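Participant: This is start28.txt (compact mmCIF, C-alpha atoms).
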# COMPACT_ATOMS: atom_id res chain seq x y z
CA MET A 38 -158.13 -110.00 45.15
CA VAL A 39 -156.68 -111.04 41.80
CA ARG A 40 -153.55 -113.07 41.03
CA ALA A 41 -151.42 -111.34 38.42
CA ASN A 42 -147.73 -111.47 37.53
CA GLY A 43 -147.05 -113.84 40.44
CA ILE A 44 -148.57 -111.68 43.18
CA THR A 45 -152.00 -110.87 44.63
CA LEU A 46 -153.41 -107.44 43.76
CA HIS A 47 -156.31 -105.82 45.63
CA THR A 48 -158.71 -104.91 42.83
CA GLN A 49 -162.15 -103.40 42.61
CA ARG A 50 -164.44 -103.10 39.61
CA LEU A 51 -167.32 -100.71 39.25
CA ASP A 52 -169.67 -101.67 36.46
CA PRO A 53 -171.75 -98.98 34.80
CA PRO A 54 -175.33 -99.04 36.10
CA GLY A 55 -176.71 -97.91 32.74
CA PRO A 56 -175.83 -98.10 29.05
CA ALA A 57 -172.23 -97.78 27.89
CA VAL A 58 -170.83 -94.46 26.75
CA ASP A 59 -171.66 -93.76 23.14
CA GLY A 60 -168.23 -94.07 21.55
CA ARG A 61 -168.36 -92.58 18.12
CA THR A 62 -165.18 -94.29 17.02
CA GLY A 63 -165.40 -97.77 18.46
CA PRO A 64 -166.04 -99.79 21.61
CA THR A 65 -166.23 -98.14 25.03
CA PRO A 66 -162.84 -98.07 26.73
CA THR A 67 -162.38 -99.55 30.17
CA ALA A 68 -161.22 -96.89 32.63
CA VAL A 69 -158.23 -98.04 34.69
CA LEU A 70 -157.32 -95.89 37.68
CA ILE A 71 -153.70 -96.00 38.87
CA HIS A 72 -152.67 -94.40 42.16
CA GLY A 73 -149.36 -92.84 43.18
CA MET A 74 -146.25 -94.09 44.93
CA ALA A 75 -145.41 -94.72 48.59
CA SER A 76 -148.27 -93.26 50.67
CA ASP A 77 -151.08 -93.50 48.09
CA THR A 78 -153.71 -96.21 47.47
CA MET A 79 -156.68 -96.76 45.16
CA ALA A 80 -158.78 -94.84 47.70
CA SER A 81 -157.74 -91.50 46.18
CA TRP A 82 -159.47 -92.53 42.94
CA TYR A 83 -162.28 -94.47 44.61
CA PHE A 84 -163.56 -91.39 46.41
CA THR A 85 -163.09 -88.97 43.49
CA LEU A 86 -163.47 -90.14 39.88
CA ALA A 87 -164.27 -93.87 39.99
CA GLU A 88 -167.98 -93.56 40.60
CA PRO A 89 -168.57 -90.67 38.13
CA LEU A 90 -166.71 -92.59 35.40
CA SER A 91 -168.70 -95.77 35.99
CA ARG A 92 -171.95 -93.82 36.16
CA ALA A 93 -171.06 -92.16 32.85
CA GLY A 94 -170.87 -95.63 31.30
CA PHE A 95 -167.22 -96.69 31.59
CA PRO A 96 -166.46 -100.13 33.04
CA THR A 97 -164.01 -99.05 35.76
CA VAL A 98 -161.08 -100.93 37.30
CA LEU A 99 -159.15 -99.83 40.39
CA TYR A 100 -156.25 -101.63 42.02
CA ASP A 101 -153.61 -101.16 44.68
CA LEU A 102 -150.11 -101.21 43.21
CA ARG A 103 -147.73 -103.93 44.47
CA GLY A 104 -146.48 -103.09 47.95
CA HIS A 105 -149.34 -100.62 48.47
CA GLY A 106 -152.74 -100.64 50.17
CA ARG A 107 -154.00 -104.19 50.48
CA SER A 108 -152.02 -105.69 47.63
CA GLU A 109 -149.16 -108.10 48.24
CA ARG A 110 -145.79 -106.62 49.20
CA PRO A 111 -142.89 -108.59 47.69
CA ALA A 112 -139.47 -107.47 48.90
CA THR A 113 -138.23 -106.65 45.41
CA GLY A 114 -139.57 -105.95 41.93
CA TYR A 115 -140.27 -102.22 42.03
CA ALA A 116 -138.87 -100.96 38.73
CA LEU A 117 -141.21 -99.23 36.27
CA ASP A 118 -141.39 -102.36 34.09
CA ASP A 119 -142.60 -104.43 37.07
CA PHE A 120 -145.52 -102.05 37.57
CA VAL A 121 -146.30 -102.12 33.83
CA ASP A 122 -146.10 -105.95 33.83
CA ASP A 123 -148.49 -106.04 36.82
CA LEU A 124 -151.01 -103.87 34.97
CA ALA A 125 -150.81 -105.95 31.78
CA ALA A 126 -151.21 -109.19 33.76
CA LEU A 127 -154.07 -107.78 35.84
CA LEU A 128 -156.01 -106.82 32.69
CA ASP A 129 -155.43 -110.34 31.33
CA SER A 130 -156.68 -111.89 34.58
CA LEU A 131 -159.77 -109.67 34.49
CA ASP A 132 -160.32 -110.52 30.81
CA VAL A 133 -160.26 -106.84 29.85
CA THR A 134 -159.38 -107.01 26.18
CA GLY A 135 -160.70 -103.79 24.60
CA PRO A 136 -159.36 -100.24 24.51
CA LEU A 137 -158.23 -98.58 27.73
CA LEU A 138 -158.60 -95.16 29.23
CA LEU A 139 -155.71 -94.90 31.69
CA LEU A 140 -155.89 -92.40 34.53
CA GLY A 141 -152.86 -91.99 36.77
CA ASN A 142 -152.24 -89.89 39.86
CA SER A 143 -148.64 -88.82 40.45
CA PHE A 144 -146.39 -91.81 39.65
CA GLY A 145 -149.51 -93.71 38.55
CA GLY A 146 -149.48 -91.42 35.51
CA THR A 147 -145.93 -92.49 34.76
CA ILE A 148 -147.05 -96.13 34.85
CA ALA A 149 -149.82 -95.19 32.40
CA PHE A 150 -147.28 -93.68 29.98
CA GLY A 151 -144.97 -96.67 30.53
CA TYR A 152 -147.82 -99.05 29.67
CA ALA A 153 -148.73 -97.01 26.57
CA ALA A 154 -145.11 -97.01 25.36
CA ARG A 155 -145.16 -100.83 25.41
CA HIS A 156 -148.80 -101.38 24.35
CA PRO A 157 -149.61 -98.34 22.18
CA ASP A 158 -152.49 -100.06 20.38
CA ARG A 159 -154.41 -100.71 23.60
CA VAL A 160 -154.58 -97.16 24.93
CA ALA A 161 -157.39 -94.83 23.79
CA GLY A 162 -156.53 -91.99 26.15
CA ILE A 163 -154.29 -91.01 29.07
CA VAL A 164 -155.17 -88.67 31.94
CA THR A 165 -152.49 -87.80 34.46
CA VAL A 166 -152.71 -85.70 37.60
CA GLU A 167 -149.44 -84.20 38.81
CA SER A 168 -147.30 -86.53 36.75
CA GLY A 169 -145.11 -86.96 33.72
CA PRO A 170 -143.88 -89.66 31.36
CA PRO A 171 -140.88 -91.78 32.39
CA VAL A 172 -138.10 -89.37 31.39
CA PRO A 173 -134.82 -88.80 33.30
CA GLU A 174 -135.91 -85.35 34.53
CA TRP A 175 -138.99 -86.77 36.26
CA MET A 176 -137.23 -89.86 37.61
CA ARG A 177 -134.65 -87.58 39.25
CA ARG A 178 -137.47 -85.82 41.10
CA VAL A 179 -138.96 -89.17 42.12
CA ARG A 180 -135.57 -90.22 43.49
CA GLU A 181 -135.24 -87.03 45.54
CA ARG A 182 -138.78 -87.27 46.87
CA LEU A 183 -138.41 -90.93 47.91
CA ALA A 184 -135.02 -90.23 49.50
CA ARG A 185 -136.52 -87.37 51.52
CA VAL A 186 -139.37 -89.53 52.82
CA ALA A 187 -137.06 -92.49 53.49
CA ALA A 188 -134.73 -90.24 55.51
CA ARG A 189 -137.42 -88.43 57.46
CA LEU A 190 -139.79 -91.18 58.61
CA PRO A 191 -137.38 -93.45 60.51
CA ARG A 192 -136.21 -90.53 62.68
CA ALA A 193 -137.28 -90.97 66.28
CA GLY A 194 -140.58 -89.24 66.90
CA ALA A 195 -141.32 -88.46 63.24
CA VAL A 196 -144.49 -90.55 63.15
CA THR A 197 -145.61 -89.30 66.58
CA GLU A 198 -145.13 -85.76 65.37
CA ILE A 199 -147.28 -86.41 62.28
CA GLY A 200 -149.91 -87.88 64.61
CA ALA A 201 -149.91 -84.78 66.80
CA ARG A 202 -150.19 -82.47 63.82
CA ARG A 203 -152.54 -84.38 61.51
CA GLY A 204 -154.19 -87.08 63.63
CA ARG A 205 -154.17 -90.80 64.21
CA VAL A 206 -155.04 -91.93 60.71
CA ALA A 207 -152.27 -89.79 59.16
CA ALA A 208 -149.79 -91.26 61.65
CA GLN A 209 -150.90 -94.81 60.77
CA ARG A 210 -150.38 -94.04 57.12
CA ALA A 211 -146.92 -92.56 57.72
CA ALA A 212 -145.93 -95.61 59.76
CA GLU A 213 -147.21 -97.83 56.94
CA THR A 214 -145.16 -95.89 54.35
CA GLN A 215 -142.10 -96.26 56.55
CA ARG A 216 -142.67 -100.02 56.82
CA MET A 217 -142.94 -100.28 53.06
CA LEU A 218 -139.74 -98.33 52.43
CA THR A 219 -137.94 -100.49 55.03
CA ASP A 220 -139.33 -103.84 53.85
CA THR A 221 -138.93 -103.32 50.11
CA SER A 222 -136.36 -102.12 47.61
CA LEU A 223 -138.78 -99.54 46.15
CA ALA A 224 -136.77 -96.43 47.09
CA GLN A 225 -133.66 -97.92 45.45
CA GLU A 226 -135.18 -99.77 42.49
CA LEU A 227 -137.76 -97.33 41.22
CA PRO A 228 -135.48 -94.34 40.56
CA ALA A 229 -132.98 -96.66 38.83
CA SER A 230 -135.66 -98.10 36.49
CA PRO A 231 -134.70 -98.73 32.86
CA LEU A 232 -136.79 -96.20 30.90
CA PRO A 233 -138.57 -96.44 27.55
CA THR A 234 -136.76 -94.71 24.70
CA ALA A 235 -137.81 -91.19 23.79
CA GLY A 236 -138.92 -92.65 20.47
CA ALA A 237 -141.25 -95.16 22.14
CA LEU A 238 -142.77 -92.40 24.28
CA ALA A 239 -143.15 -90.01 21.35
CA ALA A 240 -144.95 -92.77 19.43
CA ILE A 241 -147.86 -92.65 21.92
CA GLY A 242 -150.53 -91.29 19.63
CA CYS A 243 -153.64 -91.21 21.82
CA PRO A 244 -155.13 -88.03 23.32
CA VAL A 245 -153.43 -86.99 26.57
CA LEU A 246 -154.64 -84.74 29.38
CA CYS A 247 -152.14 -83.59 32.01
CA LEU A 248 -153.38 -81.73 35.07
CA TYR A 249 -151.09 -79.87 37.45
CA GLY A 250 -151.39 -77.86 40.63
CA GLY A 251 -150.07 -74.35 40.12
CA ASP A 252 -148.21 -74.40 43.45
CA SER A 253 -146.59 -77.80 42.86
CA ALA A 254 -143.06 -78.17 41.52
CA VAL A 255 -144.27 -80.98 39.25
CA VAL A 256 -145.83 -78.39 36.91
CA GLU A 257 -142.28 -77.70 35.70
CA LEU A 258 -142.59 -80.95 33.72
CA ALA A 259 -145.32 -79.51 31.49
CA PRO A 260 -142.99 -78.18 28.75
CA THR A 261 -141.23 -81.57 28.55
CA VAL A 262 -144.56 -83.37 28.15
CA ARG A 263 -145.65 -80.94 25.44
CA GLY A 264 -142.33 -81.35 23.63
CA LEU A 265 -142.59 -85.13 23.68
CA LEU A 266 -146.34 -85.45 23.05
CA PRO A 267 -147.61 -82.31 21.28
CA GLN A 268 -151.22 -83.55 21.37
CA THR A 269 -151.27 -83.14 25.15
CA ARG A 270 -153.79 -80.80 26.72
CA VAL A 271 -152.17 -79.27 29.78
CA VAL A 272 -154.35 -77.64 32.45
CA VAL A 273 -152.87 -75.94 35.51
CA LEU A 274 -155.19 -75.50 38.49
CA PRO A 275 -154.09 -72.30 40.21
CA ASP A 276 -153.11 -72.36 43.90
CA GLN A 277 -153.25 -76.16 44.06
CA LYS A 278 -150.62 -78.55 45.41
CA HIS A 279 -149.51 -82.09 44.57
CA THR A 280 -152.66 -83.38 46.29
CA VAL A 281 -154.97 -81.62 43.78
CA LEU A 282 -156.91 -84.84 43.00
CA ILE A 283 -158.19 -85.21 46.55
CA ASP A 284 -158.31 -81.47 47.27
CA ARG A 285 -160.29 -80.50 44.12
CA PRO A 286 -162.11 -83.64 42.90
CA GLU A 287 -165.02 -81.69 41.34
CA GLU A 288 -162.72 -79.56 39.21
CA VAL A 289 -160.66 -82.54 38.12
CA ARG A 290 -163.85 -84.39 37.19
CA ARG A 291 -165.14 -81.46 35.15
CA LEU A 292 -161.84 -81.12 33.23
CA VAL A 293 -161.62 -84.86 32.54
CA PHE A 294 -165.20 -85.10 31.26
CA ALA A 295 -164.77 -82.04 29.02
CA TRP A 296 -161.58 -83.54 27.57
CA LEU A 297 -163.28 -86.92 27.01
CA ALA A 298 -165.99 -85.23 24.97
CA GLU A 299 -163.75 -82.85 23.07
CA GLU A 300 -160.61 -84.90 22.44
CA CYS A 301 -161.69 -88.55 22.73
CA SER A 302 -164.98 -88.36 20.82
CA LEU A 303 -166.84 -89.90 23.72
CA ASP A 304 -170.33 -88.60 24.32
CA VAL A 305 -170.16 -88.37 28.07
CA ALA A 306 -172.76 -86.33 29.84
CA GLN A 307 -171.47 -84.23 32.74
CA PRO A 308 -172.71 -86.26 35.67
CA THR A 309 -174.81 -84.56 38.25
CA THR A 310 -174.10 -85.27 41.89
CA ALA A 311 -177.65 -86.57 42.43
CA MET B 247 -183.78 -99.93 65.98
CA PRO B 248 -185.83 -102.12 63.60
CA PRO B 249 -184.73 -105.78 63.56
CA ALA B 250 -183.44 -105.54 59.99
CA GLN B 251 -181.02 -102.77 60.98
CA ASP B 252 -179.96 -104.81 64.00
CA THR B 253 -178.98 -107.70 61.73
CA ILE B 254 -177.19 -105.42 59.28
CA LEU B 255 -175.21 -103.79 62.10
CA ALA B 256 -174.09 -107.22 63.32
CA GLU B 257 -173.00 -108.24 59.82
CA LEU B 258 -171.26 -104.93 59.24
CA THR B 259 -169.39 -105.28 62.54
CA GLU B 260 -168.06 -108.67 61.41
CA MET B 261 -166.91 -107.15 58.11
CA ILE B 262 -165.20 -104.26 59.92
CA ASP B 263 -163.36 -106.71 62.19
CA ALA B 264 -162.28 -108.72 59.15
CA VAL B 265 -161.04 -105.60 57.35
CA LEU B 266 -159.11 -104.31 60.36
CA GLY B 267 -157.75 -107.74 61.26
CA ASP B 268 -155.11 -107.51 63.98
CA PHE B 269 -155.61 -103.77 64.22
CA ALA B 270 -159.22 -104.03 65.38
CA ASP B 271 -159.80 -102.41 68.75
CA ASP B 272 -161.89 -104.20 71.33
CA GLN B 273 -164.50 -101.50 71.22
CA VAL B 274 -168.18 -102.14 70.63
CA VAL B 275 -169.38 -100.91 67.23
CA THR B 276 -172.60 -98.92 67.50
CA MET B 277 -174.68 -96.84 65.08
CA ASP B 278 -172.79 -93.74 66.32
CA THR B 279 -169.29 -95.16 65.81
CA THR B 280 -167.28 -93.23 63.20
CA PHE B 281 -165.12 -95.16 60.76
CA SER B 282 -162.18 -92.77 60.91
CA ALA B 283 -161.97 -91.21 64.39
CA ASP B 284 -163.36 -94.13 66.44
CA LEU B 285 -162.21 -97.15 64.43
CA GLY B 286 -159.05 -95.59 63.00
CA MET B 287 -159.98 -96.83 59.53
CA GLU B 288 -157.96 -95.35 56.72
CA SER B 289 -159.60 -94.60 53.39
CA ILE B 290 -158.21 -97.84 51.90
CA ASP B 291 -159.80 -99.80 54.76
CA VAL B 292 -163.14 -98.25 53.83
CA VAL B 293 -162.58 -99.26 50.18
CA ALA B 294 -161.79 -102.81 51.33
CA LEU B 295 -165.03 -102.76 53.34
CA ALA B 296 -166.86 -101.69 50.17
CA GLY B 297 -165.48 -104.80 48.45
CA ARG B 298 -166.90 -106.99 51.23
CA LEU B 299 -170.26 -105.22 50.99
CA GLN B 300 -170.34 -105.95 47.26
CA SER B 301 -169.54 -109.62 47.88
CA ARG B 302 -172.23 -109.90 50.56
CA TYR B 303 -175.06 -107.85 49.06
CA GLY B 304 -174.20 -107.66 45.35
CA ASP B 305 -174.77 -104.53 43.31
CA THR B 306 -177.97 -103.78 45.23
CA VAL B 307 -175.91 -101.92 47.81
CA ASN B 308 -173.83 -99.52 45.73
CA PHE B 309 -171.30 -98.14 48.21
CA ALA B 310 -169.45 -96.06 45.60
CA HIS B 311 -172.67 -94.34 44.63
CA PHE B 312 -173.59 -93.81 48.28
CA VAL B 313 -170.31 -92.03 49.14
CA ALA B 314 -170.35 -90.07 45.88
CA LYS B 315 -173.54 -88.37 47.07
CA LEU B 316 -171.88 -87.22 50.29
CA ASP B 317 -169.58 -84.24 50.61
CA LEU B 318 -165.98 -84.84 51.65
CA GLU B 319 -166.53 -83.68 55.21
CA THR B 320 -169.39 -86.15 55.66
CA VAL B 321 -167.28 -88.96 54.22
CA ARG B 322 -164.50 -88.13 56.67
CA GLU B 323 -166.93 -88.30 59.58
CA LEU B 324 -169.03 -91.17 58.24
CA LYS B 325 -170.85 -93.10 60.96
CA VAL B 326 -171.63 -96.80 60.96
CA GLY B 327 -175.32 -95.94 61.35
CA GLN B 328 -175.37 -93.97 58.07
CA LEU B 329 -174.07 -97.00 56.20
CA VAL B 330 -176.50 -99.32 57.98
CA GLY B 331 -179.32 -96.98 56.92
CA HIS B 332 -178.13 -97.00 53.32
CA ILE B 333 -177.92 -100.79 53.25
CA ALA B 334 -181.38 -101.15 54.79
CA ASP B 335 -182.83 -98.66 52.28
CA SER B 336 -181.14 -100.34 49.30
CA LEU B 337 -182.31 -103.80 50.33
CA GLY B 338 -185.79 -102.49 51.06
CA GLN B 339 -186.05 -100.87 47.65
CA ALA B 340 -184.74 -104.00 45.98
CA ASP B 341 -187.47 -106.01 47.72
CA GLU B 342 -190.15 -103.54 46.66
CA VAL B 343 -189.30 -103.72 42.98
CA GLY B 344 -188.70 -107.45 43.24
CA ALA B 345 -185.25 -106.97 41.74
CA GLY B 346 -183.57 -109.05 44.36
CA SER B 347 -183.62 -109.88 48.02
CA ARG B 348 -181.33 -111.01 50.75
Any chance you could give the structure as structure tokens?
Facilitator:
Amino acid sequence: MVRANGITLHTQRLDPPGPAVDGRTGPTPTAVLIHGMASDTMASWYFTLAEPLSRAGFPTVLYDLRGHGRSERPATGYALDDFVDDLAALLDSLDVTGPLLLLGNSFGGTIAFGYAARHPDRVAGIVTVESGPPVPEWMRRVRERLARVAARLPRAGAVTEIGARRGRVAAQRAAETQRMLTDTSLAQELPASPLPTAGALAAIGCPVLCLYGGDSAVVELAPTVRGLLPQTRVVVLPDQKHTVLIDRPEEVRRLVFAWLAEECSLDVAQPTTA
Amino acid sequence: MPPAQDTILAELTEMIDAVLGDFADDQVVTMDTTFSADLGMESIDVVALAGRLQSRYGDTVNFAHFVAKLDLETVRELKVGQLVGHIADSLGQADEVGAGSR
């Protein structure tokens, strides 16, 4: 648990067991893994890419966003800038001062872009899974998605129905998401967030990798990302949904490590599963 | 069960209770108890447990590395006994190389 920006954030660090990655252009970046909004936690990164990144030599930081997982849940403060402020303060508290490799799942990717727009010199690379930069088109989708969840969960029997279909743990998680949307202003504040200017986003100069599931509507953002940040490598995983990170962790890992070697000049060996 | 595993199971049970807090069931944790189906632990609860393991045993017991070696199905059905075994092995190896002990 780490105090940052006035709240307590559940944080975990995985230190590389061996030598640092051989960065040909400077110090090894710290990998920071940012999860998605509402029903997500750091677990989706913990069980997929955290360990391979740390084993490849990256100091790795995971945290639960405010209101999520085991982090503190203030009633308000859920605009994009609040999440960016949390990340900046967390890195200060952890004394992480060097370059950063930001990896974001779903809205976590938007926080990564939001951080890079305000701290462009800190970010050595951005990886997003099923995400996009904070632009009006994407925020409109976030608004619709949050409104749908907020309308569905409080209905009588909704959580019981999820339990019958997907089991006890899924029902617990749905009930938890409902509590969060009831106890906080997230569903109202987040979609109304002040956004960085297009100029500030376009000034992000680091390599960018954006992964999408071919069957997810989020892939429609790809042309916007390419237009804004032409250096972006976009990879679409066919037949995959919004949950591609947890459904296809091996493929995501392979694509991220290839991109690190080819676009970020980091000599990362493809980790074996041994 | 060797005495060492007995001790580890008792410690692990305390950590599980602490992680689950008010949501802990009154059931007895055994080597066959599953984290998900029996204890109702969500993935983030397991991550929180990993944090407690790191605080208690240090980097000797690398939970992230342990789960990375398992396939997803095994992680979903992970039993308390598998983790106890991993902890016992890690501590045993650490003793052997003299790199650390409990």
Participant: Within 6 Å of chain B, which residues of chain A show up when using all atoms listed in the file, listed as a ChimeraX atom specification?
Facilitator: /A:80,88,206
Participant: Give me, as a PyMOL selection string, all polymer residues having an atom no more than 8 Å from range 92-109 of chain A, counting only C-alpha atoms and skipping those fewer than 3 positions away in the same chain.
Facilitator: (chain A and resi 38+44-58+65-72+75-79+82-83+87-89+120+123+217+221+305-308) or (chain B and resi 290+294)
Participant: With distances taken over all atoms listed in the file, which residue among A:Ala224, A:Ala201, A:Leu238, A:Leu218 lies nearest Pro157 in chain A?
Facilitator: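 Result for the nearest residue to Pro157 in chain A: A:Leu238.
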Participant: Out of B:Asp263, B:Asp272, B:Asp284, B:Asp252, which residue has the shortest atom-to-atom distance to Ile333 in chain B when counting all atoms listed in the file?
Facilitator: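 Of the candidates, the smallest distance to Ile333 in chain B is held by B:Asp252.
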Participant: Considering all atoms listed in the file, return as an MDAnalysis selection string whatever protein or nucleic-acid residues lie within 9 Å of Asp278 in chain B, sequence-local ones (same chain, fewer than 5 positions apart) excluded.
Facilitator: chainID B and resid 325:328
Participant: For Leu227 in chain A, which residue out of A:Leu139, A:Leu124, A:Val256, A:Leu117 is the nearest one, using all atoms listed in the file?
Facilitator: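 The shortest atom-to-atom distance to Leu227 in chain A comes from A:Leu117.
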Participant: I'd like the contact shell of Thr134 in chain A - 12 Å cut-off, only C-alpha atoms, skipping same-chain residues fewer than 2 positions apart - returned as a JSON list (two decimals) with C-alpha atoms, in the coordinates of the input.
Facilitator:
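Generated file (part_10.json):
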[["chain", "number", "residue", "atom", "x", "y", "z"],
["A", 64, "PRO", "CA", -166.04, -99.79, 21.61],
["A", 65, "THR", "CA", -166.23, -98.14, 25.03],
["A", 66, "PRO", "CA", -162.84, -98.07, 26.73],
["A", 67, "THR", "CA", -162.38, -99.55, 30.17],
["A", 125, "ALA", "CA", -150.81, -105.95, 31.78],
["A", 126, "ALA", "CA", -151.21, -109.19, 33.76],
["A", 127, "LEU", "CA", -154.07, -107.78, 35.84],
["A", 128, "LEU", "CA", -156.01, -106.82, 32.69],
["A", 129, "ASP", "CA", -155.43, -110.34, 31.33],
["A", 130, "SER", "CA", -156.68, -111.89, 34.58],
["A", 131, "LEU", "CA", -159.77, -109.67, 34.49],
["A", 132, "ASP", "CA", -160.32, -110.52, 30.81],
["A", 136, "PRO", "CA", -159.36, -100.24, 24.51],
["A", 137, "LEU", "CA", -158.23, -98.58, 27.73],
["A", 158, "ASP", "CA", -152.49, -100.06, 20.38],
["A", 159, "ARG", "CA", -154.41, -100.71, 23.60],
["A", 160, "VAL", "CA", -154.58, -97.16, 24.93]]
Participant: Give me, as an MDAnalysis selection string, all polymer residues having an atom no more than 8 Å from range 112-114 of chain A, counting all atoms listed in the file and skipping those fewer than 2 positions away in the same chain.
Facilitator: chainID A and resid 110 116 119 220:223 226
Participant: When you look at Ser336 in chain B with a cut-off of 9 Å (counting all atoms listed in the file), what residues show up, excluding the ones that are within fewer than 5 positions of it in the same chain? I need them as a list in words.
Facilitator: Thr306, Val307, Asn308, Gly331 and Asp341 of chain B
Participant: Give me a file of those residues, with C-alpha atoms, as a PDB file, keeping the file's coordinate frame.
Facilitator:
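What landed in again_11.pdb:
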ATOM      1  CA  THR B 306    -177.970-103.780  45.230  1.00  0.00           C
ATOM      2  CA  VAL B 307    -175.910-101.920  47.810  1.00  0.00           C
ATOM      3  CA  ASN B 308    -173.830 -99.520  45.730  1.00  0.00           C
ATOM      4  CA  GLY B 331    -179.320 -96.980  56.920  1.00  0.00           C
ATOM      5  CA  ASP B 341    -187.470-106.010  47.720  1.00  0.00           C
TER       6      ASP B 341
END
Participant: Mind giving me the straight-line distance from CA of Glu319 in chain B to CA of Tyr303 in chain B in Å, one decimal?
Facilitator: 26.4 Å
Participant: In Å, rounded to a single decimal, give me how far CA of Thr253 in chain B is from CA of His332 in chain B.
Facilitator: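 Spanning CA of His332 in chain B to CA of Thr253 in chain B is a straight-line distance of 13.6 Å.
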Participant: Could you jot down the CA of Gly338 in chain B to CA of Ala256 in chain B separation for me, Å, one decimal place?
Facilitator: 17.6 Å
